[in-house]
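Step one of this worksheet: look at the structure below.
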Amino acid sequence: MAIGIFFFLEKESLSVFVVKNIKPLLVLFFLGFAGTLVNKYPVVNIVKDITHFIKPILGILIGYYFYKKINNFRTFVSTIVLIGFLSALVHFVILIFFSKTDNLSDIREFGKDNFLELFSLFFLGFYKKFQNESLFQNPSKYYLYFVVILLSSILYFSRTMMVTAIILLLSIYGYTIITVKGLRNIGICLGLFIAFYAYLFSVKLDRNSKGAEAFFYKMQNAPGELFDTKIDRDNHAELWDHWRGYEAKRAMALMVDNPSSFIFGNGHGSLVNLRFFAPLTGPHDKGMKYISELHNGYAYLLYKTGIIGLIIYIGFLIRIYRNIYKSRNFVYTVLSAIGLIFLFTTITITGLYNPKDIMVFIVGAMLSFSNTDTFKQQQLS
């Protein structure tokens, strides 16, 4: 709908610049039909995958033309911050009136993560550092927005948001550029990370605990959740603790049975056979034996588009990351950070193909601004 408005009502045309930037995603989208042509899948499954693969393309286009319509970088950033602030207020209302504050699982049930708020927080905190002007002239408004969004972001208790925040900070201060100094600081972060997990694995945490202990249990379980695939399917607690790993394991097993799928994938419409009815649809349903999407985006892309698609995807994210080498400005720093974030979140929440992801919208807007005369003049000054 949004794209239709821009193209038909606003009489916009598809620019060569934006097509060049989304070309790898277009190739991935069409590559998915290679497996579809040699297999017979139900139309409904094919359509579902098509909508999934076209989502980041549309997200970038919407962001691109949304910014082009505004054509003011400060207004765009202020809009993102305002929406993040309103989202934080809604989050607080939900927590106060609908959740049990002593139960972490109940708190997370109403909001597992919110990258819009996180980016709003960083836009608010670091806009002046790069643009040499304040986003808001009123200091009271600035601090109100900052505190509200910060507290709301913390109360998501999201491991993915924590890592995303660290990547944003490292990018903003230039530590993600591969230099001796950058590698040293990354090494320090990795050392602290290893020490933290060494401590977590040294203590016994209760899976059914509440509060902070429940959060630390989820942190402790994170590596096993992704990579531990030896589980008892009849033990639901063990199954959910390692669900991402089990999904990926089943996808790889099916590809081994069909070796040609490693080249072009199984295509749009393909499903992963879980070999049992997983209780994913509710307590009164039989469950799901076949699923289309996987949490591990690398396994998902390999299954759908093969090694070729996986290489294209990783190459696309690396190209976004490499923007920071062009110039240390706000736009390139944010784009570079998003590239790194997607490289990480693809392991846990399908990355670029997460249906709830809003970062592609920001990518589109940043690309749009980078193609303006205003941005080019700033680069020359």
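Chains: A, B, ... in order of the structure tokens. Residues: from 1 per chain. Ligands: from 1, in order shown.
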- Message: Report as a PyMOL selection string all protein, DNA and RNA residues lying within 9 Å of segment 371-375 of chain A, evaluated on only C-alpha atoms, omitting residues in the same chain fewer than 3 positions from it.
- Response: chain A and resi 17+68+71+366-368+378-380
Generate a file of the selected residues that holds N, CA and C atoms, formatted as a tab-separated table (two decimals), in the first residue's frame.
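After the write, again_37.tsv holds the following:
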```
chain	number	residue	atom	x	y	z
A	17	PHE	N	19.72	4.26	-8.41
A	17	PHE	CA	20.49	4.19	-7.15
A	17	PHE	C	19.89	3.16	-6.20
A	68	LYS	N	12.56	10.54	1.14
A	68	LYS	CA	12.57	11.42	-0.04
A	68	LYS	C	11.41	12.41	0.03
A	71	ASN	N	12.51	14.78	3.07
A	71	ASN	CA	13.69	15.51	2.56
A	71	ASN	C	14.29	16.45	3.60
A	366	MET	N	18.25	5.99	5.27
A	366	MET	CA	19.65	6.43	5.27
A	366	MET	C	20.22	6.42	3.85
A	367	LEU	N	19.85	5.42	3.06
A	367	LEU	CA	20.30	5.38	1.66
A	367	LEU	C	19.73	6.57	0.89
A	368	SER	N	18.48	6.90	1.17
A	368	SER	CA	17.83	8.02	0.48
A	368	SER	C	18.54	9.33	0.80
A	378	GLN	N	27.69	18.02	2.50
A	378	GLN	CA	28.26	17.81	3.83
A	378	GLN	C	29.56	17.00	3.75
A	379	GLN	N	29.61	16.06	2.83
A	379	GLN	CA	30.80	15.25	2.65
A	379	GLN	C	31.99	16.07	2.14
A	380	LEU	N	31.69	17.08	1.34
A	380	LEU	CA	32.74	17.91	0.77
A	380	LEU	C	33.26	18.96	1.76
```
- Message: Report as a ChimeraX atom specification all protein, DNA and RNA residues lying within 12 Å of Gly315 of chain A, evaluated on only C-alpha atoms, omitting residues in the same chain fewer than 3 positions from it.
- Response: /A:23-25,28,308-312,318-322,339-340,342-343
What would the file look like if the residues just selected were written as a JSON list (two decimals), in the first residue's frame with N, CA, C and O atoms?
```json
[["chain", "number", "residue", "atom", "x", "y", "z"],
["A", 23, "LYS", "N", 19.70, -4.75, -5.27],
["A", 23, "LYS", "CA", 19.86, -5.81, -6.28],
["A", 23, "LYS", "C", 20.14, -7.18, -5.66],
["A", 23, "LYS", "O", 19.55, -8.18, -6.10],
["A", 24, "PRO", "N", 21.02, -7.30, -4.65],
["A", 24, "PRO", "CA", 21.25, -8.63, -4.06],
["A", 24, "PRO", "C", 19.97, -9.24, -3.48],
["A", 24, "PRO", "O", 19.76, -10.46, -3.58],
["A", 25, "LEU", "N", 19.10, -8.41, -2.91],
["A", 25, "LEU", "CA", 17.84, -8.92, -2.33],
["A", 25, "LEU", "C", 16.88, -9.34, -3.44],
["A", 25, "LEU", "O", 16.13, -10.31, -3.28],
["A", 28, "LEU", "N", 18.10, -12.71, -4.59],
["A", 28, "LEU", "CA", 17.68, -13.72, -3.61],
["A", 28, "LEU", "C", 16.21, -14.07, -3.79],
["A", 28, "LEU", "O", 15.83, -15.25, -3.72],
["A", 308, "ILE", "N", 24.39, -20.59, -2.86],
["A", 308, "ILE", "CA", 24.45, -19.36, -3.67],
["A", 308, "ILE", "C", 23.72, -18.23, -2.97],
["A", 308, "ILE", "O", 24.22, -17.11, -2.83],
["A", 309, "GLY", "N", 22.51, -18.51, -2.50],
["A", 309, "GLY", "CA", 21.72, -17.50, -1.81],
["A", 309, "GLY", "C", 22.37, -17.05, -0.51],
["A", 309, "GLY", "O", 22.36, -15.86, -0.18],
["A", 310, "LEU", "N", 22.95, -17.99, 0.22],
["A", 310, "LEU", "CA", 23.60, -17.66, 1.49],
["A", 310, "LEU", "C", 24.80, -16.73, 1.27],
["A", 310, "LEU", "O", 25.00, -15.76, 2.01],
["A", 311, "ILE", "N", 25.57, -17.00, 0.22],
["A", 311, "ILE", "CA", 26.73, -16.15, -0.10],
["A", 311, "ILE", "C", 26.28, -14.75, -0.49],
["A", 311, "ILE", "O", 26.87, -13.75, -0.07],
["A", 312, "ILE", "N", 25.23, -14.67, -1.28],
["A", 312, "ILE", "CA", 24.70, -13.36, -1.70],
["A", 312, "ILE", "C", 24.24, -12.56, -0.48],
["A", 312, "ILE", "O", 24.52, -11.36, -0.36],
["A", 318, "ILE", "N", 27.76, -7.57, 4.47],
["A", 318, "ILE", "CA", 29.15, -7.06, 4.58],
["A", 318, "ILE", "C", 29.28, -5.74, 3.83],
["A", 318, "ILE", "O", 29.97, -4.82, 4.29],
["A", 319, "ARG", "N", 28.61, -5.63, 2.68],
["A", 319, "ARG", "CA", 28.66, -4.39, 1.92],
["A", 319, "ARG", "C", 28.04, -3.24, 2.72],
["A", 319, "ARG", "O", 28.55, -2.11, 2.70],
["A", 320, "ILE", "N", 26.95, -3.51, 3.44],
["A", 320, "ILE", "CA", 26.35, -2.48, 4.29],
["A", 320, "ILE", "C", 27.31, -2.10, 5.41],
["A", 320, "ILE", "O", 27.50, -0.92, 5.71],
["A", 321, "TYR", "N", 27.94, -3.11, 6.02],
["A", 321, "TYR", "CA", 28.90, -2.85, 7.09],
["A", 321, "TYR", "C", 30.05, -1.97, 6.63],
["A", 321, "TYR", "O", 30.51, -1.07, 7.34],
["A", 322, "ARG", "N", 30.52, -2.17, 5.41],
["A", 322, "ARG", "CA", 31.71, -1.48, 4.91],
["A", 322, "ARG", "C", 31.48, 0.02, 4.67],
["A", 322, "ARG", "O", 32.42, 0.75, 4.38],
["A", 339, "GLY", "N", 24.41, -3.38, 9.40],
["A", 339, "GLY", "CA", 24.97, -4.54, 8.72],
["A", 339, "GLY", "C", 25.50, -5.57, 9.71],
["A", 339, "GLY", "O", 25.25, -6.77, 9.58],
["A", 340, "LEU", "N", 26.23, -5.10, 10.72],
["A", 340, "LEU", "CA", 26.76, -6.00, 11.76],
["A", 340, "LEU", "C", 25.64, -6.61, 12.59],
["A", 340, "LEU", "O", 25.68, -7.78, 12.96],
["A", 342, "PHE", "N", 22.57, -7.21, 11.67],
["A", 342, "PHE", "CA", 21.90, -8.25, 10.89],
["A", 342, "PHE", "C", 22.75, -9.53, 10.82],
["A", 342, "PHE", "O", 22.21, -10.64, 10.83],
["A", 343, "LEU", "N", 24.07, -9.38, 10.74],
["A", 343, "LEU", "CA", 24.94, -10.56, 10.74],
["A", 343, "LEU", "C", 24.75, -11.36, 12.02],
["A", 343, "LEU", "O", 24.83, -12.59, 12.02]]
```
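Among the candidates A:Tyr175, A:Pro42, A:Ala337, A:Asp113, the residue lying nearest to Phe157 of chain A is A:Asp113 (atoms considered: only C-alpha atoms).
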- In Å, rounded to a single decimal, give me how far atom CA of Lys48 of chain A is from atom CA of Leu254 of chain A. 20.3 Å
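Proximity to Leu118 of chain A was assessed for A:Asn266, A:Thr75, A:Asn296, A:Ser153 counting only C-alpha atoms; the smallest distance is recorded for A:Ser153.
Distances here use only C-alpha atoms; by that measure, the residue among A:Gly191, A:Gly84, A:Gly297, A:Pro139 closest to Phe119 of chain A is A:Gly84.
Interatomic distance, atom CA of Asn323 of chain A to atom CA of Ser336 of chain A: 5.4 Å.
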- If we count only C-alpha atoms, what is near Met161 of chain A at a cut-off of 12 Å, once residues fewer than 5 positions away on the same chain are taken out, given as a PyMOL selection string? chain A and resi 111-119+121+150+152-156+166-168+341-342+344-345+348-349
For the residues selected in the previous step, produce a file with N, CA, C and O atoms as a CSV table (one decimal), in the first residue's frame.
```csv
chain,number,residue,atom,x,y,z
A,111,GLY,N,6.1,-8.0,25.2
A,111,GLY,CA,7.1,-7.2,24.4
A,111,GLY,C,8.5,-7.9,24.5
A,111,GLY,O,9.2,-7.7,25.5
A,112,LYS,N,8.8,-8.7,23.5
A,112,LYS,CA,10.1,-9.4,23.6
A,112,LYS,C,11.3,-8.6,23.1
A,112,LYS,O,12.4,-8.8,23.6
A,113,ASP,N,11.1,-7.6,22.2
A,113,ASP,CA,12.1,-6.7,21.8
A,113,ASP,C,11.5,-5.6,21.1
A,113,ASP,O,10.3,-5.6,20.6
A,114,ASN,N,12.2,-4.5,20.9
A,114,ASN,CA,11.7,-3.3,20.2
A,114,ASN,C,12.9,-2.5,19.7
A,114,ASN,O,13.5,-1.7,20.4
A,115,PHE,N,13.3,-2.8,18.5
A,115,PHE,CA,14.5,-2.1,17.9
A,115,PHE,C,14.2,-0.7,17.5
A,115,PHE,O,15.1,0.1,17.5
A,116,LEU,N,12.9,-0.3,17.3
A,116,LEU,CA,12.6,1.0,17.1
A,116,LEU,C,12.9,1.9,18.3
A,116,LEU,O,13.5,3.0,18.1
A,117,GLU,N,12.6,1.5,19.5
A,117,GLU,CA,12.9,2.2,20.7
A,117,GLU,C,14.4,2.3,20.9
A,117,GLU,O,15.0,3.3,21.2
A,118,LEU,N,15.1,1.2,20.6
A,118,LEU,CA,16.6,1.2,20.8
A,118,LEU,C,17.3,2.2,19.8
A,118,LEU,O,18.1,2.9,20.2
A,119,PHE,N,16.8,2.2,18.6
A,119,PHE,CA,17.4,3.2,17.6
A,119,PHE,C,17.0,4.6,18.0
A,119,PHE,O,17.8,5.5,17.8
A,121,LEU,N,16.6,5.7,20.9
A,121,LEU,CA,17.5,6.0,22.0
A,121,LEU,C,18.9,6.5,21.5
A,121,LEU,O,19.4,7.5,22.0
A,150,LEU,N,14.9,4.9,27.5
A,150,LEU,CA,16.0,4.0,28.1
A,150,LEU,C,15.4,3.0,29.0
A,150,LEU,O,15.7,1.8,28.9
A,152,SER,N,12.3,1.9,29.2
A,152,SER,CA,11.4,1.0,28.4
A,152,SER,C,12.3,-0.1,27.7
A,152,SER,O,12.0,-1.3,27.7
A,153,SER,N,13.4,0.4,27.1
A,153,SER,CA,14.3,-0.6,26.4
A,153,SER,C,14.9,-1.6,27.4
A,153,SER,O,15.0,-2.8,27.1
A,154,ILE,N,15.2,-1.2,28.6
A,154,ILE,CA,15.8,-2.1,29.6
A,154,ILE,C,14.7,-3.1,30.0
A,154,ILE,O,15.0,-4.3,30.1
A,155,LEU,N,13.5,-2.7,30.1
A,155,LEU,CA,12.4,-3.6,30.6
A,155,LEU,C,11.9,-4.6,29.6
A,155,LEU,O,11.1,-5.4,29.9
A,156,TYR,N,12.5,-4.6,28.4
A,156,TYR,CA,12.2,-5.7,27.5
A,156,TYR,C,13.0,-6.9,27.8
A,156,TYR,O,12.7,-8.0,27.4
A,166,ILE,N,25.3,-2.9,22.1
A,166,ILE,CA,26.7,-3.0,22.2
A,166,ILE,C,27.3,-2.7,20.8
A,166,ILE,O,28.3,-2.0,20.6
A,167,ILE,N,26.7,-3.3,19.8
A,167,ILE,CA,27.2,-3.1,18.4
A,167,ILE,C,27.1,-1.7,18.0
A,167,ILE,O,28.0,-1.1,17.4
A,168,LEU,N,25.9,-1.0,18.3
A,168,LEU,CA,25.7,0.4,18.0
A,168,LEU,C,26.8,1.2,18.7
A,168,LEU,O,27.4,2.1,18.1
A,341,ILE,N,24.6,-5.8,12.9
A,341,ILE,CA,23.5,-6.3,13.7
A,341,ILE,C,22.8,-7.4,13.0
A,341,ILE,O,22.4,-8.4,13.6
A,342,PHE,N,22.6,-7.2,11.7
A,342,PHE,CA,21.9,-8.3,10.9
A,342,PHE,C,22.7,-9.5,10.8
A,342,PHE,O,22.2,-10.6,10.8
A,344,PHE,N,24.5,-10.7,13.1
A,344,PHE,CA,24.3,-11.3,14.4
A,344,PHE,C,22.8,-11.8,14.5
A,344,PHE,O,22.6,-13.0,14.8
A,345,THR,N,21.8,-11.0,14.2
A,345,THR,CA,20.4,-11.4,14.5
A,345,THR,C,20.0,-12.4,13.5
A,345,THR,O,19.0,-13.1,13.8
A,348,THR,N,19.7,-15.7,15.3
A,348,THR,CA,18.7,-15.9,16.3
A,348,THR,C,17.2,-15.6,15.9
A,348,THR,O,16.3,-16.3,16.3
A,349,ILE,N,17.0,-14.5,15.1
A,349,ILE,CA,15.7,-14.1,14.7
A,349,ILE,C,15.5,-13.8,13.2
A,349,ILE,O,14.8,-12.9,12.8
```
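The closest residue to Arg74 of chain A, picked from A:Val331, A:Ala34, A:Tyr313, A:Asn138 and counting only C-alpha atoms, is A:Val331.
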- Task: Please measure the separation of atom CA of Leu205 of chain A and atom CA of Trp243 of chain A, giving the value in Å to one decimal.
- Result: 19.4 Å
- Within 10 Å of Arg328 of chain A, counting only C-alpha atoms, which residues show up once you throw out same-chain ones fewer than 4 positions away? Write them as a list of chain:residue names, please. A:Phe130, A:Ser171, A:Ile172, A:Tyr173, A:Gly174, A:Asn323, A:Ile324, A:Tyr332, A:Thr333, A:Val334
Print the selection's residues with N, CA, C and O atoms to a file, as a compact mmCIF listing (two decimals), in the first residue's frame.
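Contents of the output file selection_36.txt:
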```txt
# COMPACT_ATOMS: atom_id res chain seq x y z
N PHE A 130 27.32 13.83 15.77
CA PHE A 130 27.66 13.75 14.35
C PHE A 130 27.17 14.98 13.56
O PHE A 130 27.84 15.40 12.61
N SER A 171 30.17 0.78 17.08
CA SER A 171 30.19 1.42 15.76
C SER A 171 30.31 2.93 15.89
O SER A 171 31.07 3.58 15.16
N ILE A 172 29.55 3.52 16.80
CA ILE A 172 29.54 4.97 16.98
C ILE A 172 30.93 5.48 17.36
O ILE A 172 31.36 6.55 16.90
N TYR A 173 31.65 4.72 18.18
CA TYR A 173 32.97 5.15 18.61
C TYR A 173 34.09 4.61 17.72
O TYR A 173 35.28 4.74 18.04
N GLY A 174 33.71 3.99 16.59
CA GLY A 174 34.69 3.60 15.59
C GLY A 174 35.44 2.32 15.87
O GLY A 174 36.42 2.00 15.18
N ASN A 323 30.24 0.49 4.85
CA ASN A 323 29.98 1.92 4.70
C ASN A 323 30.81 2.76 5.66
O ASN A 323 31.15 3.91 5.35
N ILE A 324 31.14 2.20 6.81
CA ILE A 324 31.88 2.98 7.82
C ILE A 324 33.28 3.34 7.33
O ILE A 324 33.91 4.28 7.84
N TYR A 332 26.61 6.75 7.51
CA TYR A 332 27.43 5.57 7.25
C TYR A 332 27.67 4.75 8.53
O TYR A 332 27.78 3.52 8.46
N THR A 333 27.75 5.44 9.66
CA THR A 333 27.94 4.73 10.93
C THR A 333 26.71 3.88 11.25
O THR A 333 26.83 2.72 11.66
N VAL A 334 25.53 4.45 11.08
CA VAL A 334 24.28 3.72 11.35
C VAL A 334 24.12 2.55 10.38
O VAL A 334 23.78 1.43 10.78
```
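Counting only C-alpha atoms, the residue from A:Val363, A:Leu352, A:Val38, A:Ala251 that sits nearest to His52 of chain A is A:Leu352.
Each of A:Ile291, A:Ile177, A:Leu124, A:Leu169 was compared to Gly269 of chain A using only C-alpha atoms, and A:Ile291 turns out to be the nearest.
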- Item | 10 Å contact set for Thr36 of chain A, only C-alpha atoms, chain neighbours under 4 positions out, as a ChimeraX atom specification | /A:31-32,40-41,46,265-270,304
